Amino acid sequence: MNSEMGTTHMLHLILLFSVLSSVHVVTHGDSSTDSYWLLRIKSLLSDPVGVLENWSPKAKFCTWNGLTCSDDQTHVVGLNLSGSGLSGLIPAEFSHLTSLQTLDLSMNSLAGSVPHELGQLQNLRELLLYSNLLSGNVPPELGLLKKLQVLRIGDNSLTGQVPRDIGGLTELRVLGLAYCQLNGTIPAEIGNLKQLKSLDLQKNSLGGLIPREISGCEELQNFAASNNMLEGEVPASMGNLKSLQILNLANNSLSGSIPMDLGRLFNLKYLNLLGNRLNGEVPVELNQLSQLEKLDLSRNNLSGSINLFATQLTNLQVLVLSDNFLTGNIPSNLCNGNSNLWQLFVARNKLSGKFPLDLLNCSSLQELDLSDNEFEGELPSELDKLENLTDLLLNNNSFSGNLPPEIGNMSHLETLFMFHNMITGEIPVEIGKLQRLTVLYLYDNQMSGSIPVELTNCSSLTEIDFFGNQFSGSIPQTIGKLKNLVFLQLRQNDLSGPIPPSLGYCTKLQKLVLADNKLSGSIPLTFRFLSELFLITLYNNSFSGPLPETLSLLKNLRIINFSHNRFTGSISPLSCSSNLTVLDLTNNTFSGPIPSSLSLSKHLTRLRLAHNFLTETIPPEFGNLTELNFLDLSFNNLTGEVTPDLSNCKKLGHLLLNDNQISGTIPSWLGTLQELGELDLSSNSFHGKAPPEIGNCSRLLKLALHGNNLFGEIPSEIGSLTSLNVLTLHKNNFSGLIPSTIQQCEKLYELRLSENLLTGSIPSELGKLTELQVILDLSKNFLSGEIPFSLGNLMKLERLNLSFNRLHGSVPLSLGTLTSLLMLNLSNNHLQGQIPSTFSRFPLSSFLSNGGLCGPPLAPCLGPEKKPLSNTAAAGVIVAIVFASTLICLGLLYVMLRIWCNWKKVSVLSSDAGHEQRREEEKWVYGEAMGRDFEYWKVNSSQVKQQISTACIFQLKVDTETVDHSF
């Protein structure tokens, strides 16, 4: 009994051990089995999607996701986990799957380097790792995979060179290394890949030459190496690649001519050489490529005529030759009745002649771009033969004549670019039949007549641009039918009448440009429906009346320019969009305070409200406009002091507050505005001293403080403004000396210090301001001393005014060398002596009230006085008279005649100036007593325009039209 029980117990133990042993094998596996390594691989990968969930010992491993097993179900021969959302590093453990023939881990988020251990998979035929996050080099160990046929590891962040070892993969059919960061050159060993059919190296940083050895890839069908830095010539040996169907070498630095040997690639369907430096003519041998479907040679330096003929290129569908230097016309036999051509782009060349009538045989054409050439003449009325055309681009040529009405028969037309030609006449009413037309650009022509009502039948229109023509009449009342309209540009025409209310029903409208016309009336109330509108420019019209309050509903408005109209009332309706970047209401009759709600537009860069009747103070909330670059509130009725909150606007480049009633002192915080280029506080009621901190504005080009009540000395710190072009401090109460530091402002173009209380002498250092051109005006001060000889260095100066001072001494001869001088005023001083002879061209008034000056145009200077004769000399004269009375009488007669002639000349000179000349002189001499100040911004002299320096503020001053009038 006990023996039986013992035997039974032993059997139970053996059975339990057997079960436990089998469980151990399933759980942990044998390291010699593929399942063991697969479970190890699973443990090393992140699997958020759960693709590897059924990789479990509980199931047969050949049923696991992504696996393909051998016929005997013992080994994995294929592993496809493409697009499974896996992340982490690629485990080196893959190298233990020695029977693996296909490994596809593409389109995941795997990172790290490509394991060099993969080179141990001697049976591998396909390795697909593309579209991951892999980095590092391409491991040369991959060259050990002698059976490999497909290697695609592109679209990663791989770096380094293409390893030469790849040349050992003699069974390789596909090599994909595109969209990486590989550098170096294409290894010549590529030529060893006799079985290679596809070589994709595009979008890397490969340089150097294309190896001639590539001709060894006899089976190559696809070679793509675009968007690299390849240089040198296209090797002629590529003509040996008889199987080649796709050749893409676009966007490199290839040079030289296109080898005629490419004409031997009889199977070629796609040839793309765009964006290189190729020169010479288009080889006529390319006509032998009878299978060619797409040819792009654009953006090169090709010249000569187009030698391509559809009679041979019967399969050609796309021909792109844009951006070259091709000449002549388009070949007459480019198309024939059986042409398959549907895209022809030859823009930006030097093609000439009339519209190529033979193109009308290209009945299959869908897109035709002849823009930016030198075509001329009238458009053919048979244009409608291109019945399948969707895009017609003829812009930037010299086409003339009328737009043919037959264009209305081109029922598939979607885009019509005719801008920048010499088209005349009216828009044909037949254009209203183009129901598919979406974009119509006719700008910069000479078209006239009214905008036809029929145009509003083109219900698909999204963009209309008629800028710069001579269209007249009114905007069609039915414009509201264009429900899809996004952009409407009618600027610079002769349109009149009001804006049609129906325009408010174009609810998709984003840009509305009606500037530079003769439009009138008020803004329609229907504009409240234009909720997507972000740009509206109405400047230079005759719009009037108050702004509709409903404009406050347009919350997307960004750019508004209503300048130079007759709008009245408050500007508040335009201050409710927090998206404003530009607001220009210059030259209207708006009144009331400036709304503080404008400060809600945090991205406002340009605010121009000049020449209105705005009142009260500058809102302190403007300190929140930290992006503000241009603030122009000039010519209003603003009062109070400049709010210190503006000191927060650190990007201010232009601050124009002139011609208001602003009071207080000039704030010292202006010195913290480092971007300030133009500061005009003139013609206000500022008092106190000019703050020396202004010298910190090192980028200042214009400083205008004239017409205030400033006193004290001119700060010497102004000398720190070394970029300054314009300095106007006249009509104040400045006293003391002219600071010699002004000499450091070497780019000064205009300097006005007149009508102050300045004393002392004129600093000789002013002679160093050799860029002075518009004016140097120091008049109406208390300056004394002599005129510095150094002022003769100001060779560009056109106006010099030193009148109404206490200057003495002579006029330096050096001033006579100022050949550019147009106006001169030295009157009302204490100058004496002879004036330079070259000054005779100036009027008498230039020198009045200087008692001691002489020389033309003044009275001539007298010689030295003669001393009385001595008694001895007199006796001698008497003796001489006795013995030669006749000779003496003749001499006396000669002297009397000469004195009479001199007296006559003086008399004529004093009465020679006519009434008109005197009037002009009075304007110059007496300044404001006879007329307005000479304004810097209104300089009209042709010499001024010709001699403007490159640093002049004229070139740097931004006007509203520079930004806003581009629409």
# chains A, B, ... in the order shown; residues from 1 in each chain; ligands from 1
call {"tool": "select_by_dssp", "arguments": {"residues": "stretch 264-477 of chain A", "states": "strand (DSSP E)", "output": "number ranges by chain"}}
result
A: 270-272, 277-280, 294-296, 301-304, 318-320, 325-328, 343-345, 350-354, 367-369, 374-378, 391-393, 398-402, 415-417, 422-425, 439-441, 446-450, 463-465, 470-473
call {"tool": "residues_around", "arguments": {"residues": "A:Gln120", "least_positions_apart": "4", "cutoff": "8 Å", "atoms": "only C-alpha atoms", "output": "list in words"}}
result
Ser95, Thr98, Leu144 and Leu145 of chain A
call {"tool": "write_last_selection", "arguments": {"atoms": "C-alpha atoms", "output": "PDB file, in the first residue's frame"}}
result
ATOM      1  CA  SER A  95      20.114  40.895 -35.813  1.00  0.00           C
ATOM      2  CA  THR A  98      18.753  35.385 -39.047  1.00  0.00           C
ATOM      3  CA  LEU A 144      27.403  43.294 -46.033  1.00  0.00           C
ATOM      4  CA  LEU A 145      23.772  42.491 -46.970  1.00  0.00           C
TER       5      LEU A 145
END
call {"tool": "closest_atom_pairs", "arguments": {"of": "stretch 486-596 of chain A", "to": "stretch 621-635 of chain A", "cutoff": "10 Å", "atoms": "only C-alpha atoms", "output": "JSON lines"}}
result
{"residue": "A:Thr581", "atom": "CA", "partner": "A:Leu628", "partner_atom": "CA", "distance": 8.7}
{"residue": "A:Val582", "atom": "CA", "partner": "A:Phe630", "partner_atom": "CA", "distance": 9.3}
{"residue": "A:Asp584", "atom": "CA", "partner": "A:Asp632", "partner_atom": "CA", "distance": 9.2}
{"residue": "A:Thr586", "atom": "CA", "partner": "A:Asp632", "partner_atom": "CA", "distance": 8.8}
{"residue": "A:Asn587", "atom": "CA", "partner": "A:Phe635", "partner_atom": "CA", "distance": 9.3}
{"residue": "A:Ile594", "atom": "CA", "partner": "A:Leu633", "partner_atom": "CA", "distance": 9.6}
{"residue": "A:Pro595", "atom": "CA", "partner": "A:Glu621", "partner_atom": "CA", "distance": 9.6}
{"residue": "A:Ser596", "atom": "CA", "partner": "A:Glu621", "partner_atom": "CA", "distance": 6.1}
call {"tool": "residues_around", "arguments": {"residues": "A:Pro139", "least_positions_apart": "2", "cutoff": "7 Å", "atoms": "only C-alpha atoms", "output": "VMD selection string"}}
result
chain A and resid 114 116 137 141 to 142
call {"tool": "write_last_selection", "arguments": {"atoms": "N, CA, C and O atoms", "output": "compact mmCIF listing (two decimals), in the first residue's frame"}}
result
# COMPACT_ATOMS: atom_id res chain seq x y z
N VAL A 114 20.59 53.95 -36.94
CA VAL A 114 20.32 52.65 -37.57
C VAL A 114 21.35 51.66 -37.01
O VAL A 114 22.56 51.87 -37.17
N HIS A 116 24.10 49.10 -36.48
CA HIS A 116 25.04 48.48 -37.42
C HIS A 116 24.90 46.96 -37.39
O HIS A 116 25.31 46.27 -38.34
N ASN A 137 24.73 58.32 -38.84
CA ASN A 137 25.20 57.96 -40.17
C ASN A 137 24.49 56.74 -40.72
O ASN A 137 23.87 55.97 -39.98
N GLU A 141 28.05 48.90 -42.48
CA GLU A 141 27.80 47.45 -42.37
C GLU A 141 26.64 47.00 -43.24
O GLU A 141 26.52 45.80 -43.54
N LEU A 142 25.80 47.94 -43.67
CA LEU A 142 24.70 47.54 -44.56
C LEU A 142 25.24 47.02 -45.89
O LEU A 142 24.54 46.31 -46.61
call {"tool": "atom_distance", "arguments": {"atom1": "atom CA of A:Ala250", "atom2": "atom CA of A:Gly143"}}
result
28.6 Å
call {"tool": "residues_around", "arguments": {"residues": "A:Thr478", "least_positions_apart": "3", "cutoff": "7 Å", "atoms": "only C-alpha atoms", "output": "JSON, numbers by chain"}}
result
{"A": [453, 456, 481, 502]}
call {"tool": "write_last_selection", "arguments": {"atoms": "C-alpha atoms", "output": "mmCIF file, in the first residue's frame"}}
result
data_model
loop_
_atom_site.group_PDB
_atom_site.id
_atom_site.type_symbol
_atom_site.label_atom_id
_atom_site.label_comp_id
_atom_site.auth_asym_id
_atom_site.auth_seq_id
_atom_site.Cartn_x
_atom_site.Cartn_y
_atom_site.Cartn_z
ATOM 1 C CA VAL A 453 -22.830 95.264 -65.621
ATOM 2 C CA THR A 456 -21.379 90.720 -62.291
ATOM 3 C CA LYS A 481 -24.156 89.456 -57.105
ATOM 4 C CA SER A 502 -25.132 96.015 -52.828
#
call {"tool": "atom_distance", "arguments": {"atom1": "atom CA of A:Glu376", "atom2": "atom CA of A:Leu357"}}
result
12.7 Å
call {"tool": "residues_around", "arguments": {"residues": "A:Ser846", "least_positions_apart": "5", "cutoff": "6 Å", "atoms": "only C-alpha atoms", "output": "MDAnalysis selection string"}}
result
chainID A and resid 824:827
call {"tool": "write_last_selection", "arguments": {"atoms": "all heavy atoms", "output": "short mmCIF file (atom, residue, chain, number, x, y, z; two decimals), in the first residue's frame"}}
result
data_model
loop_
_atom_site.label_atom_id
_atom_site.label_comp_id
_atom_site.auth_asym_id
_atom_site.auth_seq_id
_atom_site.Cartn_x
_atom_site.Cartn_y
_atom_site.Cartn_z
N LEU A 824 21.17 133.94 -51.72
CA LEU A 824 22.14 134.43 -50.74
C LEU A 824 21.57 135.68 -50.10
O LEU A 824 21.04 136.56 -50.78
CB LEU A 824 23.47 134.76 -51.43
CG LEU A 824 24.52 135.45 -50.59
CD1 LEU A 824 25.04 134.50 -49.52
CD2 LEU A 824 25.67 135.95 -51.46
N ASN A 825 21.67 135.76 -48.78
CA ASN A 825 21.23 136.97 -48.08
C ASN A 825 22.24 137.30 -46.97
O ASN A 825 22.33 136.60 -45.96
CB ASN A 825 19.84 136.79 -47.49
CG ASN A 825 19.22 138.11 -47.08
OD1 ASN A 825 19.90 139.14 -47.01
ND2 ASN A 825 17.94 138.09 -46.78
N LEU A 826 22.99 138.38 -47.20
CA LEU A 826 23.94 138.87 -46.21
C LEU A 826 23.52 140.24 -45.70
O LEU A 826 24.31 140.93 -45.03
CB LEU A 826 25.34 138.97 -46.83
CG LEU A 826 25.91 137.68 -47.44
CD1 LEU A 826 27.27 137.96 -48.07
CD2 LEU A 826 26.03 136.59 -46.39
N SER A 827 22.30 140.65 -45.98
CA SER A 827 21.85 142.01 -45.68
C SER A 827 21.76 142.26 -44.17
O SER A 827 21.75 141.34 -43.36
CB SER A 827 20.48 142.25 -46.32
OG SER A 827 19.51 141.42 -45.74
#
call {"tool": "closest_residue", "arguments": {"among": "A:Glu430, A:Glu746, A:Glu374, A:Asp516", "to": "A:Gly328", "atoms": "only C-alpha atoms"}}
result
A:Glu374
call {"tool": "residues_around", "arguments": {"residues": "A:Glu750", "least_positions_apart": "3", "cutoff": "8 Å", "atoms": "only C-alpha atoms", "output": "list in words"}}
result
Asn725, Val726, Leu727, Thr728, Leu772, Gln773, Val774, Ile775, Leu776 and Tyr936 of chain A
call {"tool": "write_last_selection", "arguments": {"atoms": "N, CA and C atoms", "output": "short mmCIF file (atom, residue, chain, number, x, y, z; two decimals), in the first residue's frame"}}
result
data_model
loop_
_atom_site.label_atom_id
_atom_site.label_comp_id
_atom_site.auth_asym_id
_atom_site.auth_seq_id
_atom_site.Cartn_x
_atom_site.Cartn_y
_atom_site.Cartn_z
N ASN A 725 19.79 114.55 -40.55
CA ASN A 725 19.71 115.23 -41.84
C ASN A 725 19.13 116.62 -41.73
N VAL A 726 18.15 116.79 -40.83
CA VAL A 726 17.41 118.05 -40.73
C VAL A 726 17.39 118.51 -39.27
N LEU A 727 17.80 119.74 -39.05
CA LEU A 727 17.74 120.34 -37.71
C LEU A 727 17.13 121.73 -37.87
N THR A 728 15.91 121.90 -37.33
CA THR A 728 15.23 123.20 -37.42
C THR A 728 14.85 123.65 -36.01
N LEU A 772 25.53 119.84 -46.27
CA LEU A 772 24.47 120.86 -46.25
C LEU A 772 24.10 121.24 -47.67
N GLN A 773 22.80 121.17 -47.96
CA GLN A 773 22.36 121.46 -49.32
C GLN A 773 21.15 122.38 -49.35
N VAL A 774 20.08 122.04 -48.63
CA VAL A 774 18.84 122.80 -48.74
C VAL A 774 19.04 124.24 -48.25
N ILE A 775 19.57 124.40 -47.03
CA ILE A 775 19.72 125.76 -46.48
C ILE A 775 20.60 125.75 -45.25
N LEU A 776 21.33 126.83 -45.08
CA LEU A 776 21.96 127.18 -43.81
C LEU A 776 21.42 128.56 -43.46
N TYR A 936 11.09 122.46 -45.61
CA TYR A 936 11.98 121.38 -46.05
C TYR A 936 11.24 120.35 -46.87
#
call {"tool": "residues_around", "arguments": {"residues": "A:Met823", "least_positions_apart": "6", "cutoff": "9 Å", "atoms": "only C-alpha atoms", "output": "list in words"}}
result
Glu798, Arg799, Leu800, Asn801, Phe842, Ser846 and Trp924 of chain A
call {"tool": "write_last_selection", "arguments": {"atoms": "N, CA and C atoms", "output": "PDB file, in the first residue's frame"}}
result
ATOM      1  N   GLU A 798      22.690 125.403 -51.335  1.00  0.00           N
ATOM      2  CA  GLU A 798      21.873 126.142 -52.298  1.00  0.00           C
ATOM      3  C   GLU A 798      21.308 127.438 -51.729  1.00  0.00           C
ATOM      4  N   ARG A 799      21.182 127.532 -50.412  1.00  0.00           N
ATOM      5  CA  ARG A 799      20.631 128.744 -49.801  1.00  0.00           C
ATOM      6  C   ARG A 799      21.436 129.072 -48.546  1.00  0.00           C
ATOM      7  N   LEU A 800      21.893 130.324 -48.473  1.00  0.00           N
ATOM      8  CA  LEU A 800      22.665 130.789 -47.322  1.00  0.00           C
ATOM      9  C   LEU A 800      22.066 132.107 -46.864  1.00  0.00           C
ATOM     10  N   ASN A 801      21.623 132.125 -45.596  1.00  0.00           N
ATOM     11  CA  ASN A 801      21.004 133.338 -45.047  1.00  0.00           C
ATOM     12  C   ASN A 801      21.686 133.689 -43.729  1.00  0.00           C
ATOM     13  N   PHE A 842      23.649 137.740 -57.913  1.00  0.00           N
ATOM     14  CA  PHE A 842      22.596 137.867 -56.906  1.00  0.00           C
ATOM     15  C   PHE A 842      22.030 139.293 -56.920  1.00  0.00           C
ATOM     16  N   SER A 846      20.380 141.266 -51.656  1.00  0.00           N
ATOM     17  CA  SER A 846      21.180 140.303 -50.902  1.00  0.00           C
ATOM     18  C   SER A 846      22.239 140.968 -50.041  1.00  0.00           C
ATOM     19  N   TRP A 924      12.585 136.681 -50.049  1.00  0.00           N
ATOM     20  CA  TRP A 924      13.773 136.043 -49.486  1.00  0.00           C
ATOM     21  C   TRP A 924      14.336 136.850 -48.325  1.00  0.00           C
TER      22      TRP A 924
END
call {"tool": "closest_residue", "arguments": {"among": "A:Ser683, A:Gly473, A:Leu105, A:Ala515", "to": "A:Leu89", "atoms": "only C-alpha atoms"}}
result
A:Leu105
call {"tool": "closest_residue", "arguments": {"among": "A:Met418, A:Gly78, A:Ser720, A:Ile559", "to": "A:Phe534", "atoms": "only C-alpha atoms"}}
result
A:Ile559
call {"tool": "select_by_dssp", "arguments": {"residues": "stretch 17-253 of chain A", "states": "helix (DSSP H, G or I)", "output": "ChimeraX atom specification"}}
result
/A:17-28,34-44,61-63,92-96,116-120,140-144,164-168,188-192,212-216,236-240
call {"tool": "atom_distance", "arguments": {"atom1": "atom CA of A:Leu134", "atom2": "atom CA of A:Asp104"}}
result
14.2 Å
call {"tool": "decode", "arguments": {"residues": "stretch 662-772 of chain A", "atoms": "C-alpha atoms", "output": "short mmCIF file (atom, residue, chain, number, x, y, z; two decimals), in the first residue's frame"}}
result
data_model
loop_
_atom_site.label_atom_id
_atom_site.label_comp_id
_atom_site.auth_asym_id
_atom_site.auth_seq_id
_atom_site.Cartn_x
_atom_site.Cartn_y
_atom_site.Cartn_z
CA ILE A 662 0.38 121.27 -27.11
CA SER A 663 2.09 122.88 -24.14
CA GLY A 664 4.45 122.04 -21.31
CA THR A 665 8.10 121.19 -21.62
CA ILE A 666 9.68 118.84 -24.11
CA PRO A 667 9.89 115.57 -22.14
CA SER A 668 13.31 114.18 -21.39
CA TRP A 669 12.05 110.60 -21.78
CA LEU A 670 12.17 111.12 -25.56
CA GLY A 671 15.82 110.21 -25.17
CA THR A 672 14.81 106.63 -24.37
CA LEU A 673 13.17 106.10 -27.80
CA GLN A 674 16.17 104.55 -29.48
CA GLU A 675 14.31 103.80 -32.75
CA LEU A 676 13.24 107.41 -33.25
CA GLY A 677 14.13 108.68 -36.72
CA GLU A 678 11.79 111.66 -37.05
CA LEU A 679 10.70 113.98 -34.26
CA ASP A 680 8.59 117.01 -35.13
CA LEU A 681 7.21 119.06 -32.24
CA SER A 682 7.23 122.36 -34.12
CA SER A 683 4.56 125.08 -34.07
CA ASN A 684 3.18 124.31 -30.64
CA SER A 685 3.41 126.06 -27.26
CA PHE A 686 6.30 124.18 -25.71
CA HIS A 687 8.43 126.18 -23.31
CA GLY A 688 11.50 125.63 -21.17
CA LYS A 689 14.82 124.23 -22.30
CA ALA A 690 15.51 121.62 -24.93
CA PRO A 691 16.36 118.43 -23.00
CA PRO A 692 19.97 117.27 -23.48
CA GLU A 693 18.67 113.66 -23.35
CA ILE A 694 17.53 114.13 -26.95
CA GLY A 695 21.15 113.44 -27.85
CA ASN A 696 20.56 109.78 -26.97
CA CYS A 697 18.32 109.29 -30.04
CA SER A 698 21.24 108.17 -32.18
CA ARG A 699 19.05 107.20 -35.17
CA LEU A 700 17.36 110.57 -35.43
CA LEU A 701 17.23 111.90 -38.98
CA LYS A 702 14.94 114.88 -38.48
CA LEU A 703 14.61 117.07 -35.39
CA ALA A 704 12.12 119.93 -35.74
CA LEU A 705 11.47 122.08 -32.66
CA HIS A 706 10.86 125.41 -34.39
CA GLY A 707 7.95 127.73 -33.66
CA ASN A 708 7.82 127.23 -29.90
CA ASN A 709 8.87 129.21 -26.83
CA LEU A 710 12.03 127.32 -26.00
CA PHE A 711 14.86 129.21 -24.32
CA GLY A 712 18.32 128.65 -22.91
CA GLU A 713 21.29 127.32 -24.81
CA ILE A 714 21.12 124.83 -27.64
CA PRO A 715 22.25 121.56 -25.98
CA SER A 716 25.74 120.55 -27.03
CA GLU A 717 24.47 116.94 -26.93
CA ILE A 718 22.89 117.56 -30.34
CA GLY A 719 26.34 116.79 -31.66
CA SER A 720 25.69 113.15 -30.75
CA LEU A 721 23.00 112.95 -33.44
CA THR A 722 25.47 111.91 -36.11
CA SER A 723 22.74 110.59 -38.46
CA LEU A 724 20.81 113.86 -38.45
CA ASN A 725 19.71 115.23 -41.84
CA VAL A 726 17.41 118.05 -40.73
CA LEU A 727 17.74 120.34 -37.71
CA THR A 728 15.23 123.20 -37.42
CA LEU A 729 15.28 125.23 -34.20
CA HIS A 730 14.23 128.61 -35.61
CA LYS A 731 11.54 130.88 -34.14
CA ASN A 732 12.35 130.19 -30.51
CA ASN A 733 14.24 132.11 -27.83
CA PHE A 734 17.46 130.12 -27.78
CA SER A 735 20.42 132.14 -26.54
CA GLY A 736 24.12 131.74 -26.06
CA LEU A 737 26.57 130.40 -28.58
CA ILE A 738 25.98 128.05 -31.48
CA PRO A 739 27.49 124.82 -30.13
CA SER A 740 30.58 123.79 -32.06
CA THR A 741 29.54 120.15 -31.52
CA ILE A 742 27.12 120.55 -34.45
CA GLN A 743 30.14 119.79 -36.63
CA GLN A 744 29.70 116.14 -35.63
CA CYS A 745 26.35 116.04 -37.47
CA GLU A 746 28.19 115.45 -40.73
CA LYS A 747 25.07 114.28 -42.60
CA LEU A 748 23.11 117.49 -42.02
CA TYR A 749 21.17 118.44 -45.10
CA GLU A 750 19.27 121.39 -43.68
CA LEU A 751 20.14 123.64 -40.71
CA ARG A 752 17.86 126.45 -39.50
CA LEU A 753 18.69 128.43 -36.37
CA SER A 754 17.14 131.77 -37.36
CA GLU A 755 14.92 134.06 -35.28
CA ASN A 756 16.48 133.30 -31.94
CA LEU A 757 18.70 135.25 -29.51
CA LEU A 758 21.98 133.56 -30.38
CA THR A 759 25.20 135.49 -29.77
CA GLY A 760 28.88 135.12 -30.37
CA SER A 761 30.54 134.30 -33.65
CA ILE A 762 29.60 131.75 -36.29
CA PRO A 763 31.62 128.62 -35.44
CA SER A 764 34.19 127.87 -38.13
CA GLU A 765 33.37 124.21 -37.52
CA LEU A 766 30.17 124.66 -39.54
CA GLY A 767 32.40 124.46 -42.59
CA LYS A 768 32.75 120.74 -41.91
CA LEU A 769 29.05 120.15 -42.67
CA THR A 770 29.78 119.49 -46.32
CA GLU A 771 26.47 117.68 -46.92
CA LEU A 772 24.47 120.86 -46.25
#
